[in-house]
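Asker: Mind having a look at this structure? Questions to follow.
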Amino acid sequence: MSGATTIRCVRSLSTRCYSTFLSPSTQQKQGNRENSSKYGTRELSSKYGNRELSSSSNFTDSMTGSLQRIEKLVDSPVTFLGIDYLNNEEIFYLLENIQKLIGTKHPIVEFGANTLLGSTGTFRVHGLIALLASQIVNLCNSNELVYNRDKTGILPKQRRLVEVCEMISTAFFLHDSIVSTESSEERGNLQKGNKLSLLFGDYFLATACSQLASFEHPKVVDSISKAIASNVEGRFWLDTIDPTSPPSLPDITRYATLRHGTLLSSCCLSSGLLSGARPDHITALESFGSNVGLAIQLKREVFAVHSGRAEVTSYPYIAAVENLNRMGREVKLGTPPDQVINLGGGVERTIESCEIHCNRALDALNVFQSVDDVFVASLGGIVRDIKSAKPIVTV
């Protein structure tokens, strides 16, 4: 299949997705209400995947200025769907079939509109952070490994590493986007969407692993492989949570880090390994990535609460339950998560935790004092945006 044909498919999908699925806010609210009454809220959102994408747009909008500055520094927005992939028949097949599902409200349609088409989202934030971190660590080194840097000071292998990590993130998101079809009137279409999510999640993960092996760097392969395993562990643990016996905050923090911090942490660490960075710089990159990844997730969950998408597996809910138990107030089974979070001050504790991890990330940057201020300041600016981001309340 020619690249030109795939590009036409991308343009068609872009137009139809944004006019049909990502409609203006008033239409979207109406669609959400119709969707909830027709299928049930739980059926058309995955346990964690769709919620993350839906609640992230408002969040990432608050960081637009910082993201644009980083784009200029690294000389490109990050998306793994580059020219090479536009010539790929599998990608064409995916885009072609996503078009057929527009109108079903399956999460893979929103994925097609926001991720494959380069809209702002969590994948883009992670990728830009990893590229700027690569740029900073390269400026600190003068060994022979960094002589092959491009005009922005980034190694081709580091750019490819970011693409690999974004593919892995996308694969997990697609797997999380599988929805229940038991009581749906559009069962056939939703089942097709589920099959596409499973098939192409596997495809992206396999492609990422294949490209990872091409680095021929055992420590890089080991680091990213462990991140994949940690991600899976965190997701499986989430399925074991018993609503009648919520986990502790340390437990939810640990597994949230496995799901949302380890991949960015490993990507930053591996970028340092590819450039032959000093051990203290590699350690700082690892700490920075882990804390930023977790802070992004915590702030996204705060935004999810404000958009009415709070869940019993989220940090705000667990924090609220812990606060209420400490006050001697029992949380009755079946109480809406939003109500529990409001009563127990879950949002406030989540924001406090987010600020702690943002401060740790900023502390990790202190080791790069010899780098031009504009680069470190831009990376620190993203962290400060995460720290200060507040949900926009719409009427």
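Ligands are numbered from 1 in the order shown, residues from 1 within each chain, and chains are lettered A, B, ... in the order they appear in the structure tokens.
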For segment 291-306 of chain A, work out the shell of residues within 9 Å, counting only C-alpha atoms and skipping chain neighbours fewer than 6 positions away, then give it as number ranges by chain.

Answerer: A: 51-52, 54-56, 58-59, 122, 126, 253, 256-265, 314-316, 337-338, 341, 346-348, 350-351, 353-361, 383, 386-387, 389-393

Asker: Using only C-alpha atoms, determine which residues lie at most 8 Å from Ile382 of chain A, disregarding the query and same-chain residues fewer than 4 positions distant; provide the list as a list of chain:residue names.

Answerer: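 In the requested format, the answer is A:Met63, A:Ser66, A:Leu67, A:Ser378, A:Ile386.
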
Asker: Convert the current residue selection to file output with all heavy atoms, as a PDB file, in the first residue's frame.

Answerer:
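Okay, out_8.pdb is ready:
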```
ATOM      1  N   MET A  63      -0.341  22.671  29.569  1.00  0.00           N
ATOM      2  CA  MET A  63       1.108  22.663  29.371  1.00  0.00           C
ATOM      3  C   MET A  63       1.503  23.011  27.946  1.00  0.00           C
ATOM      4  O   MET A  63       2.643  22.804  27.543  1.00  0.00           O
ATOM      5  CB  MET A  63       1.670  21.276  29.725  1.00  0.00           C
ATOM      6  CG  MET A  63       1.448  20.875  31.164  1.00  0.00           C
ATOM      7  SD  MET A  63       2.280  19.326  31.554  1.00  0.00           S
ATOM      8  CE  MET A  63       1.273  18.171  30.632  1.00  0.00           C
ATOM      9  N   SER A  66       4.771  25.233  27.391  1.00  0.00           N
ATOM     10  CA  SER A  66       6.023  24.531  27.666  1.00  0.00           C
ATOM     11  C   SER A  66       6.312  23.470  26.617  1.00  0.00           C
ATOM     12  O   SER A  66       7.458  23.294  26.187  1.00  0.00           O
ATOM     13  CB  SER A  66       5.969  23.873  29.055  1.00  0.00           C
ATOM     14  OG  SER A  66       5.944  24.845  30.072  1.00  0.00           O
ATOM     15  N   LEU A  67       5.274  22.762  26.175  1.00  0.00           N
ATOM     16  CA  LEU A  67       5.459  21.730  25.156  1.00  0.00           C
ATOM     17  C   LEU A  67       5.934  22.338  23.835  1.00  0.00           C
ATOM     18  O   LEU A  67       6.799  21.775  23.153  1.00  0.00           O
ATOM     19  CB  LEU A  67       4.149  20.964  24.938  1.00  0.00           C
ATOM     20  CG  LEU A  67       3.678  20.078  26.092  1.00  0.00           C
ATOM     21  CD1 LEU A  67       2.315  19.481  25.780  1.00  0.00           C
ATOM     22  CD2 LEU A  67       4.671  18.972  26.376  1.00  0.00           C
ATOM     23  N   SER A 378      13.621  24.646  30.554  1.00  0.00           N
ATOM     24  CA  SER A 378      12.468  24.139  29.798  1.00  0.00           C
ATOM     25  C   SER A 378      11.962  22.828  30.384  1.00  0.00           C
ATOM     26  O   SER A 378      10.751  22.609  30.476  1.00  0.00           O
ATOM     27  CB  SER A 378      12.851  23.941  28.327  1.00  0.00           C
ATOM     28  OG  SER A 378      13.161  25.166  27.720  1.00  0.00           O
ATOM     29  N   ILE A 386       3.034  20.858  35.450  1.00  0.00           N
ATOM     30  CA  ILE A 386       2.324  19.711  36.030  1.00  0.00           C
ATOM     31  C   ILE A 386       1.895  20.048  37.456  1.00  0.00           C
ATOM     32  O   ILE A 386       0.755  19.784  37.869  1.00  0.00           O
ATOM     33  CB  ILE A 386       3.227  18.464  36.038  1.00  0.00           C
ATOM     34  CG1 ILE A 386       3.551  18.027  34.608  1.00  0.00           C
ATOM     35  CG2 ILE A 386       2.567  17.311  36.797  1.00  0.00           C
ATOM     36  CD1 ILE A 386       4.646  16.976  34.516  1.00  0.00           C
TER      37      ILE A 386
END
```

Asker: Would you mind telling me which residue in A:Ser177, A:Asn323, A:Ser266, A:Thr283 lies nearest to Ser230 of chain A when using only C-alpha atoms?

Answerer: A:Ser266

Asker: Write out as a PyMOL selection string which residues come within 12 Å of Arg159 of chain A when counting only C-alpha atoms, dropping same-chain ones fewer than 6 positions away.

Answerer: chain A and resi 74-80+82+127-135+149-150+152-153+165-166+215+267-268+270-271+274-275

Asker: If we count only C-alpha atoms, what is near Gln339 of chain A at a cut-off of 12 Å, once residues fewer than 6 positions away on the same chain are taken out, given as a list in words?

Answerer: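 Residues meeting the cut-off are Val305, His306, Gly308, Arg309, Ala310, Glu311, Val312, Pro316, Tyr317, Ala320, Val321, Leu324, Val331, Lys332, Gly345, Gly346 and Val347 of chain A.
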
Asker: Separation of atom CA of Ala364 of chain A and atom CA of Ala227 of chain A, in Å?

Answerer: 20.2 Å

Asker: Restricting the calculation to only C-alpha atoms, which member of A:Leu199, A:Leu190, A:Ala284, A:Val340 is positioned closest to Pro107 of chain A?

Answerer: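 Of the candidates, the smallest distance to Pro107 of chain A is held by A:Leu190.
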